[in-house]
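Participant: Dropping in upload.cif, which is mmCIF, C-alpha atoms and all ligand atoms:
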data_query
#
loop_
_atom_site.label_atom_id
_atom_site.label_comp_id
_atom_site.auth_asym_id
_atom_site.auth_seq_id
_atom_site.Cartn_x
_atom_site.Cartn_y
_atom_site.Cartn_z
CA MET G 23 0.00 0.00 0.00
CA LYS G 24 1.42 3.35 -1.04
CA LEU G 25 1.97 5.93 1.70
CA PRO G 26 -0.81 8.55 1.77
CA ARG G 27 1.67 11.41 1.25
CA ASP G 28 2.96 9.77 -1.95
CA PHE G 29 -0.43 8.97 -3.41
CA PHE G 30 -0.84 12.34 -5.15
CA LYS G 31 2.76 12.76 -6.34
CA PRO G 32 3.30 12.68 -10.12
CA LEU G 33 4.78 9.31 -11.17
CA ALA G 34 7.28 10.86 -13.59
CA ILE G 35 9.36 14.02 -13.47
CA GLY G 36 7.53 16.59 -15.59
CA ALA G 37 4.15 14.80 -15.58
CA PRO G 38 1.13 16.88 -14.49
CA ALA G 39 0.04 16.55 -10.85
CA PRO G 40 -2.72 13.96 -10.33
CA LEU G 41 -6.21 15.38 -9.75
CA ARG G 42 -7.57 15.43 -6.19
CA GLU G 43 -11.20 15.59 -7.36
CA LEU G 44 -12.77 14.27 -10.53
CA PRO G 45 -13.80 16.99 -12.99
CA VAL G 46 -17.59 17.50 -12.86
CA ARG G 47 -18.82 16.27 -16.24
CA LEU G 48 -22.03 14.95 -17.66
CA GLU G 49 -21.36 11.42 -18.96
CA ARG G 50 -24.78 9.87 -19.54
CA MET G 51 -23.61 7.94 -22.59
CA ILE G 52 -20.16 6.87 -23.73
CA HIS G 53 -20.73 6.61 -27.47
CA PHE G 54 -18.53 4.04 -29.22
CA VAL G 55 -17.21 4.73 -32.73
CA PRO G 56 -15.05 2.41 -34.88
CA PRO G 57 -12.39 4.94 -35.98
CA HIS G 58 -11.00 2.92 -38.91
CA MET G 59 -14.17 3.69 -40.88
CA GLU G 60 -13.93 6.95 -42.78
CA LYS G 61 -17.71 7.19 -43.12
CA VAL G 62 -18.04 7.06 -39.33
CA ARG G 63 -15.25 9.59 -38.75
CA ALA G 64 -17.02 12.02 -41.06
CA LYS G 65 -20.00 12.01 -38.69
CA VAL G 66 -17.98 12.85 -35.57
CA PRO G 67 -18.56 16.64 -35.77
CA ASP G 68 -22.36 16.03 -35.68
CA LEU G 69 -21.97 13.45 -32.95
CA ILE G 70 -20.11 15.86 -30.67
CA ALA G 71 -23.25 17.97 -30.34
CA LYS G 72 -25.45 14.94 -29.56
CA VAL G 73 -23.50 12.89 -27.03
CA ASP G 74 -21.69 13.47 -23.74
CA VAL G 75 -18.65 11.32 -24.58
CA VAL G 76 -17.19 10.18 -27.92
CA LEU G 77 -15.04 7.05 -27.56
CA GLY G 78 -12.79 5.75 -30.33
CA ASN G 79 -12.76 1.97 -29.94
CA LEU G 80 -9.50 0.18 -30.69
CA GLU G 81 -10.20 -3.12 -28.90
CA ASP G 82 -12.79 -5.88 -29.43
CA ALA G 83 -15.06 -5.46 -32.49
CA ILE G 84 -12.16 -3.93 -34.44
CA PRO G 85 -10.81 -6.56 -36.86
CA ILE G 86 -7.15 -7.50 -36.37
CA GLU G 87 -6.23 -6.24 -39.84
CA ALA G 88 -7.81 -2.85 -38.99
CA LYS G 89 -6.10 -2.30 -35.60
CA GLU G 90 -3.54 0.16 -36.98
CA ALA G 91 -6.05 1.94 -39.19
CA ALA G 92 -8.31 2.36 -36.12
CA ARG G 93 -5.46 3.90 -34.11
CA ARG G 94 -4.57 6.28 -36.99
CA GLY G 95 -8.25 7.06 -37.52
CA PHE G 96 -8.70 7.91 -33.86
CA ILE G 97 -5.75 10.32 -33.96
CA GLU G 98 -7.16 11.90 -37.11
CA MET G 99 -10.65 12.36 -35.64
CA ALA G 100 -9.23 13.71 -32.38
CA LYS G 101 -7.20 16.32 -34.28
CA ALA G 102 -9.99 17.26 -36.68
CA SER G 103 -12.59 18.51 -34.18
CA ASP G 104 -12.97 20.74 -31.18
CA PHE G 105 -14.78 18.57 -28.64
CA GLY G 106 -15.78 21.44 -26.30
CA SER G 107 -17.44 20.04 -23.20
CA THR G 108 -17.95 16.64 -24.87
CA GLY G 109 -15.50 14.04 -23.55
CA LEU G 110 -12.92 12.43 -25.84
CA TRP G 111 -12.02 8.90 -24.78
CA THR G 112 -10.39 5.87 -26.36
CA ARG G 113 -10.66 2.18 -25.51
CA ILE G 114 -7.15 0.82 -25.96
CA ASN G 115 -6.26 -2.81 -26.57
CA ALA G 116 -5.70 -5.07 -23.57
CA LEU G 117 -2.38 -4.95 -21.72
CA ASN G 118 -1.43 -8.45 -22.95
CA SER G 119 -2.03 -7.60 -26.62
CA PRO G 120 0.59 -6.75 -29.25
CA TRP G 121 -1.07 -3.37 -30.00
CA VAL G 122 -1.37 -1.63 -26.65
CA LEU G 123 2.09 -0.05 -26.45
CA ASP G 124 1.74 1.60 -29.85
CA ASP G 125 -1.83 2.64 -28.98
CA LEU G 126 -0.50 4.57 -25.99
CA PHE G 127 2.78 5.81 -27.48
CA GLU G 128 1.17 7.21 -30.61
CA ILE G 129 -2.05 8.56 -29.11
CA VAL G 130 -0.42 10.39 -26.20
CA ARG G 131 2.26 11.79 -28.53
CA GLU G 132 -0.24 13.03 -31.10
CA VAL G 133 -3.32 14.03 -29.11
CA GLY G 134 -2.42 13.64 -25.42
CA ASP G 135 -3.65 17.14 -24.63
CA LYS G 136 -7.09 16.47 -26.10
CA LEU G 137 -7.63 13.03 -24.59
CA ASP G 138 -9.71 12.96 -21.40
CA VAL G 139 -9.88 9.26 -20.55
CA VAL G 140 -8.28 5.96 -21.52
CA MET G 141 -10.61 3.00 -21.11
CA LEU G 142 -8.65 -0.11 -20.11
CA PRO G 143 -10.27 -3.48 -20.88
CA LYS G 144 -9.96 -6.76 -18.98
CA VAL G 145 -8.63 -5.24 -15.74
CA GLU G 146 -7.85 -8.05 -13.29
CA GLY G 147 -6.45 -6.15 -10.32
CA PRO G 148 -4.78 -2.95 -9.12
CA TRP G 149 -1.49 -4.03 -10.74
CA ASP G 150 -2.99 -3.34 -14.19
CA ILE G 151 -3.90 0.19 -13.12
CA HIS G 152 -0.45 0.78 -11.56
CA TYR G 153 1.26 -0.23 -14.82
CA LEU G 154 -0.89 2.06 -16.96
CA ASP G 155 -0.63 4.86 -14.40
CA GLN G 156 3.18 4.79 -14.53
CA LEU G 157 3.32 4.53 -18.31
CA LEU G 158 0.87 7.40 -18.82
CA ALA G 159 2.92 9.59 -16.46
CA GLN G 160 6.10 8.85 -18.46
CA LEU G 161 4.36 9.63 -21.74
CA GLU G 162 2.72 12.78 -20.37
CA ALA G 163 6.14 13.99 -19.22
CA ARG G 164 7.79 13.18 -22.54
CA HIS G 165 5.10 14.97 -24.57
CA GLN G 166 4.44 17.82 -22.12
CA VAL G 167 0.79 16.91 -21.64
CA ARG G 168 -0.66 19.51 -19.28
CA LYS G 169 -3.59 17.71 -17.63
CA PRO G 170 -3.56 14.11 -16.43
CA ILE G 171 -5.24 11.56 -18.69
CA LEU G 172 -7.68 9.58 -16.56
CA ILE G 173 -8.20 5.80 -16.50
CA HIS G 174 -11.56 4.04 -16.79
CA ALA G 175 -11.47 0.29 -16.10
CA ILE G 176 -13.80 -2.29 -17.62
CA LEU G 177 -15.02 -4.79 -15.04
CA GLU G 178 -15.19 -7.88 -17.19
CA THR G 179 -13.33 -10.75 -15.57
CA ALA G 180 -14.19 -12.80 -12.50
CA GLU G 181 -10.83 -11.81 -11.00
CA GLY G 182 -11.55 -8.15 -11.67
CA VAL G 183 -14.87 -8.41 -9.84
CA LYS G 184 -13.12 -10.11 -6.93
CA ASN G 185 -10.61 -7.22 -6.80
CA VAL G 186 -13.02 -4.41 -7.65
CA GLU G 187 -12.42 -2.36 -4.48
CA ALA G 188 -8.64 -2.39 -4.92
CA ILE G 189 -9.02 -1.44 -8.60
CA ALA G 190 -11.27 1.52 -7.74
CA ALA G 191 -8.76 2.86 -5.20
CA ALA G 192 -5.58 2.03 -7.16
CA SER G 193 -4.70 5.55 -8.35
CA PRO G 194 -5.89 9.18 -8.31
CA ARG G 195 -6.01 8.74 -12.09
CA MET G 196 -9.08 6.47 -11.76
CA HIS G 197 -12.13 8.06 -13.39
CA GLY G 198 -14.57 5.18 -13.05
CA MET G 199 -15.55 1.73 -14.17
CA SER G 200 -17.95 0.07 -16.61
CA LEU G 201 -19.60 -3.32 -16.39
CA GLY G 202 -18.49 -5.47 -19.35
CA PRO G 203 -21.19 -8.15 -19.36
CA ALA G 204 -20.01 -10.03 -22.46
CA ASP G 205 -16.44 -10.76 -21.40
CA LEU G 206 -17.56 -11.17 -17.79
CA ALA G 207 -20.16 -13.78 -18.74
CA ALA G 208 -17.48 -15.75 -20.59
CA SER G 209 -14.95 -15.39 -17.78
CA ARG G 210 -17.46 -16.70 -15.23
CA ALA G 211 -18.80 -19.48 -17.50
CA MET G 212 -22.27 -17.94 -17.33
CA LYS G 213 -24.51 -19.75 -19.82
CA THR G 214 -25.67 -16.80 -21.92
CA THR G 215 -24.79 -15.57 -25.40
CA ARG G 216 -26.37 -12.15 -24.77
CA VAL G 217 -24.47 -8.86 -24.33
CA GLY G 218 -25.99 -7.44 -21.15
CA GLY G 219 -29.64 -7.49 -20.13
CA GLY G 220 -31.67 -10.27 -18.61
CA HIS G 221 -32.19 -13.88 -19.61
CA PRO G 222 -35.64 -15.49 -19.94
CA ASP G 223 -34.51 -18.53 -17.94
CA TYR G 224 -33.10 -16.58 -14.95
CA ARG G 225 -36.26 -16.24 -12.88
CA VAL G 226 -38.07 -17.02 -9.67
CA LEU G 227 -41.21 -19.14 -9.50
CA ALA G 228 -43.95 -18.79 -6.88
CA ASP G 229 -44.78 -21.89 -4.79
CA ALA G 230 -47.27 -24.39 -6.17
CA THR G 231 -50.75 -24.07 -4.62
CA GLU G 232 -52.98 -26.96 -3.56
CA ALA G 233 -55.60 -25.74 -6.01
CA GLY G 234 -52.99 -26.08 -8.75
CA SER G 235 -53.49 -22.50 -9.98
CA ALA G 236 -50.98 -20.95 -12.35
CA ARG G 237 -47.72 -20.07 -10.60
CA ALA G 238 -46.50 -16.52 -10.98
CA SER G 239 -42.95 -16.24 -12.29
CA ALA G 240 -40.71 -13.26 -12.98
CA GLN G 241 -37.42 -12.75 -14.75
CA GLN G 242 -34.61 -11.53 -12.48
CA ASP G 243 -31.68 -9.24 -13.21
CA LEU G 244 -28.56 -11.31 -13.96
CA TRP G 245 -26.33 -8.28 -13.34
CA HIS G 246 -27.75 -7.00 -10.08
CA TYR G 247 -25.01 -8.41 -7.87
CA THR G 248 -22.15 -7.16 -10.03
CA VAL G 249 -23.61 -3.68 -10.56
CA ALA G 250 -24.23 -3.34 -6.81
CA LYS G 251 -20.68 -4.43 -6.00
CA MET G 252 -19.26 -2.05 -8.60
CA VAL G 253 -21.37 0.90 -7.37
CA ASP G 254 -20.18 0.44 -3.78
CA ALA G 255 -16.54 0.11 -4.84
CA CYS G 256 -16.76 3.25 -7.00
CA ALA G 257 -18.82 5.42 -4.64
CA SER G 258 -16.54 4.63 -1.71
CA ALA G 259 -13.48 5.56 -3.80
CA GLY G 260 -15.06 8.76 -5.17
CA ILE G 261 -15.16 7.54 -8.78
CA LYS G 262 -18.05 6.86 -11.21
CA PRO G 263 -19.76 3.55 -12.04
CA PHE G 264 -21.31 2.87 -15.49
CA TYR G 265 -23.39 0.17 -17.11
CA GLY G 266 -21.58 -1.05 -20.24
CA PRO G 267 -23.01 -2.36 -23.51
CA PHE G 268 -26.51 -3.60 -24.30
CA GLY G 269 -26.16 -5.72 -27.43
CA ASP G 270 -29.73 -6.26 -28.66
CA PHE G 271 -30.32 -3.08 -30.68
CA SER G 272 -33.79 -4.34 -31.70
CA ASP G 273 -35.06 -4.37 -28.09
CA GLU G 274 -35.12 -0.73 -27.03
CA ALA G 275 -37.52 -1.39 -24.14
CA ALA G 276 -35.17 -3.97 -22.58
CA CYS G 277 -32.19 -1.64 -23.05
CA GLU G 278 -34.09 1.16 -21.34
CA ALA G 279 -35.10 -1.10 -18.43
CA GLN G 280 -31.52 -2.32 -17.92
CA PHE G 281 -30.08 1.21 -18.10
CA ARG G 282 -32.75 2.47 -15.67
CA ASN G 283 -31.93 -0.21 -13.09
CA ALA G 284 -28.28 0.88 -13.31
CA PHE G 285 -29.25 4.57 -12.97
CA LEU G 286 -31.44 3.92 -9.93
CA MET G 287 -28.65 1.89 -8.32
CA GLY G 288 -26.13 4.71 -8.69
CA CYS G 289 -24.59 4.50 -12.17
CA ALA G 290 -23.76 7.72 -14.01
CA GLY G 291 -24.24 6.44 -17.56
CA ALA G 292 -23.94 3.54 -20.00
CA TRP G 293 -22.36 2.79 -23.36
CA SER G 294 -24.23 3.60 -26.56
CA LEU G 295 -23.25 1.30 -29.42
CA HIS G 296 -26.06 2.31 -31.77
CA PRO G 297 -27.59 5.75 -32.48
CA THR G 298 -30.95 4.71 -30.92
CA GLN G 299 -29.19 4.04 -27.61
CA ILE G 300 -28.02 7.68 -27.40
CA ASP G 301 -31.58 8.88 -26.80
CA ILE G 302 -32.34 5.99 -24.46
CA ALA G 303 -29.32 6.87 -22.30
CA LYS G 304 -30.13 10.58 -22.41
CA LYS G 305 -33.66 9.90 -21.19
CA VAL G 306 -32.68 7.39 -18.51
CA PHE G 307 -29.61 9.11 -17.05
CA SER G 308 -31.20 12.58 -16.84
CA PRO G 309 -33.29 12.72 -13.67
CA ASP G 310 -37.05 12.71 -14.06
CA PRO G 311 -38.52 16.27 -13.95
CA GLY G 312 -41.20 15.30 -11.38
CA GLU G 313 -38.53 13.80 -9.12
CA VAL G 314 -36.36 16.93 -9.51
CA ARG G 315 -39.23 19.26 -8.60
CA PHE G 316 -40.00 17.19 -5.50
CA ALA G 317 -36.32 17.09 -4.51
CA LYS G 318 -36.18 20.89 -4.87
CA LYS G 319 -39.15 21.22 -2.52
CA ILE G 320 -37.20 19.23 0.09
CA LEU G 321 -34.10 21.42 -0.27
CA ASP G 322 -36.19 24.62 -0.12
CA ALA G 323 -38.07 23.41 2.98
CA MET G 324 -34.84 22.56 4.84
CA PRO G 325 -32.33 25.31 3.95
CA ASP G 326 -29.65 24.08 6.36
CA GLY G 327 -30.30 20.38 5.67
CA SER G 328 -31.33 19.49 9.21
CA GLY G 329 -34.48 18.79 11.21
CA ALA G 330 -37.68 17.13 10.01
CA VAL G 331 -40.56 18.35 7.84
CA MET G 332 -43.56 16.76 6.12
CA ILE G 333 -43.92 17.33 2.36
CA ASP G 334 -46.94 15.92 0.49
CA GLY G 335 -47.49 13.50 3.39
CA LYS G 336 -43.90 12.20 3.31
CA MET G 337 -41.41 12.56 6.15
CA GLN G 338 -38.18 14.40 5.31
CA ASP G 339 -35.04 14.70 7.44
CA ASP G 340 -31.27 15.15 7.12
CA ALA G 341 -30.91 11.91 5.16
CA THR G 342 -33.67 12.61 2.64
CA TRP G 343 -32.16 16.11 2.22
CA LYS G 344 -28.96 14.37 1.06
CA GLN G 345 -30.94 12.14 -1.31
CA ALA G 346 -32.65 15.23 -2.72
CA LYS G 347 -29.29 16.94 -3.16
CA VAL G 348 -27.96 14.04 -5.27
CA ILE G 349 -30.88 14.50 -7.65
CA VAL G 350 -30.80 18.31 -7.78
CA ASP G 351 -27.00 18.40 -8.22
CA LEU G 352 -27.28 16.05 -11.20
CA ALA G 353 -30.24 18.03 -12.58
CA ARG G 354 -28.15 21.23 -12.49
CA ILE G 355 -25.37 19.59 -14.53
CA VAL G 356 -27.94 18.29 -17.03
CA ALA G 357 -29.70 21.68 -17.15
CA ALA G 358 -26.44 23.47 -18.00
CA LYS G 359 -26.29 21.41 -21.21
CA ASP G 360 -29.98 21.01 -22.02
CA PRO G 361 -32.21 24.15 -21.95
CA LYS G 362 -35.38 22.09 -22.54
CA LEU G 363 -34.76 19.95 -19.46
CA ALA G 364 -33.65 23.04 -17.51
CA ALA G 365 -37.13 24.51 -18.09
CA GLU G 366 -38.85 21.25 -17.09
CA TYR G 367 -36.74 21.07 -13.93
CA GLY G 368 -37.57 24.69 -13.07
CA LEU G 369 -33.84 25.43 -12.72
C1 LIG L 401 -17.49 -5.20 -23.06
O1 LIG L 401 -16.36 -4.99 -23.42
C2 LIG L 401 -17.97 -6.49 -22.70
O2 LIG L 401 -17.16 -7.44 -22.77
O3 LIG L 401 -19.15 -6.58 -22.33
MG MG L 402 -15.18 -6.76 -23.35
#
Represent the structure contained in this file as structure tokens.
Ligand code: GLV
Ligand code: MG
Facilitator:
Amino acid sequence: MKLPRDFFKPLAIGAPAPLRELPVRLERMIHFVPPHMEKVRAKVPDLIAKVDVVLGNLEDAIPIEAKEAARRGFIEMAKASDFGSTGLWTRINALNSPWVLDDLFEIVREVGDKLDVVMLPKVEGPWDIHYLDQLLAQLEARHQVRKPILIHAILETAEGVKNVEAIAAASPRMHGMSLGPADLAASRAMKTTRVGGGHPDYRVLADATEAGSARASAQQDLWHYTVAKMVDACASAGIKPFYGPFGDFSDEAACEAQFRNAFLMGCAGAWSLHPTQIDIAKKVFSPDPGEVRFAKKILDAMPDGSGAVMIDGKMQDDATWKQAKVIVDLARIVAAKDPKLAAEYGL
């Protein structure tokens, strides 16, 4: 365990000082683009206005023969646009792959000052974060990058889930974590071919009755345990948890339900892999206007956040004031970007 006084020291001479607090940013959807495709790169300027984060994917789903073109394409798209308040991220190849060193060397050299976050797949433990942390500091120093590039881990191996708390607290460079249900299912030998979401056979069945009436049965959430574990690890380390991909683009209702469960449990956003999922994530990860108005009533009724009051028949106290503040704080960040929602929130 590193000494507390060393935790915030730069890991290379000339690297920027690690951040003590995460930047406050709206990250309802991390939108994946395959940067080797010119047609897709051409749409990036339009995308910047529509999404909270644009991520150039270099890892899985990019064919092996396109790995270098994807890296070059990402550098080109990063240079070509001003991203403003929209995040610019990349998902690099895994640490055991033949591409990752060049991904990092070339991207930090060419666009290190524009890059907000590196997403690291297949993280098994804090040692993976320590390696990337050190390497990024060396590259930042070499290329005079002025602000630290943050790390976002994908939680997608059984060992990673076992070590999730240590991963979350491994470095001040940690931005957050995403559930990777496809790789995680494989790593755990779960018997599903789906990418995220439920499974029709994972359910509970009510007891049989003597009368033999039909037994109620309901599908359960396969990911509940992992999302809950990830949310606690992230919240306790002051970083952000995210739902990852939802692979069935034809089932928008199921995608919305899965994203909403993640939102209610504490997640800040999810991945969007298809244009329709951008709007789903925007809707789900922006707080509901009715909920925001009620939360504002609580804050207004308890200006110093203490005591007890009744609002619309419901008891409020110091704890519900904190719950209300979570919702209103998020609503303010959303409102700063979205005038229509700002009006609905009354902010
Ligand atoms: C994402 O990378 C996943 O494996 O689900
Ligand atoms: Mg994966």
Participant: Compute the set of protein, DNA and RNA residues whose minimum atom distance to ligand LIG 401 (chain L) is at most 6 Å, using all atoms listed in the file, and state it as a list in words.
Facilitator: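 The residues within 6 Å of ligand LIG 401 (chain L), counting all atoms listed in the file, are Glu178, Gly202, Pro203, Ala204, Asp205 and Pro267 of chain G.
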Participant: Selected residues, C-alpha atoms, written as a PDB file, in the coordinates of the input, please.
Facilitator:
ATOM      1  CA  GLU G 178     -15.190  -7.880 -17.190  1.00  0.00           C
ATOM      2  CA  GLY G 202     -18.490  -5.470 -19.350  1.00  0.00           C
ATOM      3  CA  PRO G 203     -21.190  -8.150 -19.360  1.00  0.00           C
ATOM      4  CA  ALA G 204     -20.010 -10.030 -22.460  1.00  0.00           C
ATOM      5  CA  ASP G 205     -16.440 -10.760 -21.400  1.00  0.00           C
ATOM      6  CA  PRO G 267     -23.010  -2.360 -23.510  1.00  0.00           C
TER       7      PRO G 267
END
Participant: Could you give me, as a PDB file with C-alpha atoms, in the coordinates of the input, the residues within 12 Å of G:Val66, counting only C-alpha atoms and dropping anything in the same chain fewer than 6 positions from it?
Facilitator:
ATOM      1  CA  HIS G  53     -20.730   6.610 -27.470  1.00  0.00           C
ATOM      2  CA  PHE G  54     -18.530   4.040 -29.220  1.00  0.00           C
ATOM      3  CA  VAL G  55     -17.210   4.730 -32.730  1.00  0.00           C
ATOM      4  CA  PRO G  56     -15.050   2.410 -34.880  1.00  0.00           C
ATOM      5  CA  PRO G  57     -12.390   4.940 -35.980  1.00  0.00           C
ATOM      6  CA  MET G  59     -14.170   3.690 -40.880  1.00  0.00           C
ATOM      7  CA  GLU G  60     -13.930   6.950 -42.780  1.00  0.00           C
ATOM      8  CA  LYS G  72     -25.450  14.940 -29.560  1.00  0.00           C
ATOM      9  CA  VAL G  73     -23.500  12.890 -27.030  1.00  0.00           C
ATOM     10  CA  VAL G  75     -18.650  11.320 -24.580  1.00  0.00           C
ATOM     11  CA  VAL G  76     -17.190  10.180 -27.920  1.00  0.00           C
ATOM     12  CA  LEU G  77     -15.040   7.050 -27.560  1.00  0.00           C
ATOM     13  CA  GLY G  78     -12.790   5.750 -30.330  1.00  0.00           C
ATOM     14  CA  GLY G  95      -8.250   7.060 -37.520  1.00  0.00           C
ATOM     15  CA  PHE G  96      -8.700   7.910 -33.860  1.00  0.00           C
ATOM     16  CA  GLU G  98      -7.160  11.900 -37.110  1.00  0.00           C
ATOM     17  CA  MET G  99     -10.650  12.360 -35.640  1.00  0.00           C
ATOM     18  CA  ALA G 100      -9.230  13.710 -32.380  1.00  0.00           C
ATOM     19  CA  LYS G 101      -7.200  16.320 -34.280  1.00  0.00           C
ATOM     20  CA  ALA G 102      -9.990  17.260 -36.680  1.00  0.00           C
ATOM     21  CA  SER G 103     -12.590  18.510 -34.180  1.00  0.00           C
ATOM     22  CA  ASP G 104     -12.970  20.740 -31.180  1.00  0.00           C
ATOM     23  CA  PHE G 105     -14.780  18.570 -28.640  1.00  0.00           C
ATOM     24  CA  THR G 108     -17.950  16.640 -24.870  1.00  0.00           C
ATOM     25  CA  LEU G 110     -12.920  12.430 -25.840  1.00  0.00           C
TER      26      LEU G 110
END
Participant: Using atom CA of G:Val133 and atom CA of G:Ser294 as the two end points, give the distance in Å to one decimal.
Facilitator: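 Distance between the two atoms: 23.5 Å.
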Participant: Residues within 12 Å of ligand MG 402 (chain L) (only C-alpha atoms and all ligand atoms), as a PyMOL selection string?
Facilitator: chain G and resi 79-84+113-116+141-145+175-179+200-209+217-218+266-269+293
Participant: Rank G:Trp343, G:Met23, G:Arg131, G:Asp310 by their smallest atom-to-atom distance to G:Asp326, using only C-alpha atoms, and report the top residue only.
Facilitator: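 The answer is G:Trp343, which sits nearest to G:Asp326.
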Participant: Taking only C-alpha atoms into account, which of G:Arg27, G:Lys304, G:His165, G:His197 comes nearest G:Leu44?
Facilitator: G:His197
Participant: Step by step: locate stretch 156-204 of chain G in the block above, keep C-alpha atoms, then write the file as a CSV table (one decimal), in the first residue's frame.
Facilitator:
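After the write, decode-v1.csv holds the following:
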chain,number,residue,atom,x,y,z
G,156,GLN,CA,3.2,4.8,-14.5
G,157,LEU,CA,3.3,4.5,-18.3
G,158,LEU,CA,0.9,7.4,-18.8
G,159,ALA,CA,2.9,9.6,-16.5
G,160,GLN,CA,6.1,8.8,-18.5
G,161,LEU,CA,4.4,9.6,-21.7
G,162,GLU,CA,2.7,12.8,-20.4
G,163,ALA,CA,6.1,14.0,-19.2
G,164,ARG,CA,7.8,13.2,-22.5
G,165,HIS,CA,5.1,15.0,-24.6
G,166,GLN,CA,4.4,17.8,-22.1
G,167,VAL,CA,0.8,16.9,-21.6
G,168,ARG,CA,-0.7,19.5,-19.3
G,169,LYS,CA,-3.6,17.7,-17.6
G,170,PRO,CA,-3.6,14.1,-16.4
G,171,ILE,CA,-5.2,11.6,-18.7
G,172,LEU,CA,-7.7,9.6,-16.6
G,173,ILE,CA,-8.2,5.8,-16.5
G,174,HIS,CA,-11.6,4.0,-16.8
G,175,ALA,CA,-11.5,0.3,-16.1
G,176,ILE,CA,-13.8,-2.3,-17.6
G,177,LEU,CA,-15.0,-4.8,-15.0
G,178,GLU,CA,-15.2,-7.9,-17.2
G,179,THR,CA,-13.3,-10.8,-15.6
G,180,ALA,CA,-14.2,-12.8,-12.5
G,181,GLU,CA,-10.8,-11.8,-11.0
G,182,GLY,CA,-11.5,-8.1,-11.7
G,183,VAL,CA,-14.9,-8.4,-9.8
G,184,LYS,CA,-13.1,-10.1,-6.9
G,185,ASN,CA,-10.6,-7.2,-6.8
G,186,VAL,CA,-13.0,-4.4,-7.6
G,187,GLU,CA,-12.4,-2.4,-4.5
G,188,ALA,CA,-8.6,-2.4,-4.9
G,189,ILE,CA,-9.0,-1.4,-8.6
G,190,ALA,CA,-11.3,1.5,-7.7
G,191,ALA,CA,-8.8,2.9,-5.2
G,192,ALA,CA,-5.6,2.0,-7.2
G,193,SER,CA,-4.7,5.5,-8.4
G,194,PRO,CA,-5.9,9.2,-8.3
G,195,ARG,CA,-6.0,8.7,-12.1
G,196,MET,CA,-9.1,6.5,-11.8
G,197,HIS,CA,-12.1,8.1,-13.4
G,198,GLY,CA,-14.6,5.2,-13.0
G,199,MET,CA,-15.5,1.7,-14.2
G,200,SER,CA,-17.9,0.1,-16.6
G,201,LEU,CA,-19.6,-3.3,-16.4
G,202,GLY,CA,-18.5,-5.5,-19.4
G,203,PRO,CA,-21.2,-8.1,-19.4
G,204,ALA,CA,-20.0,-10.0,-22.5
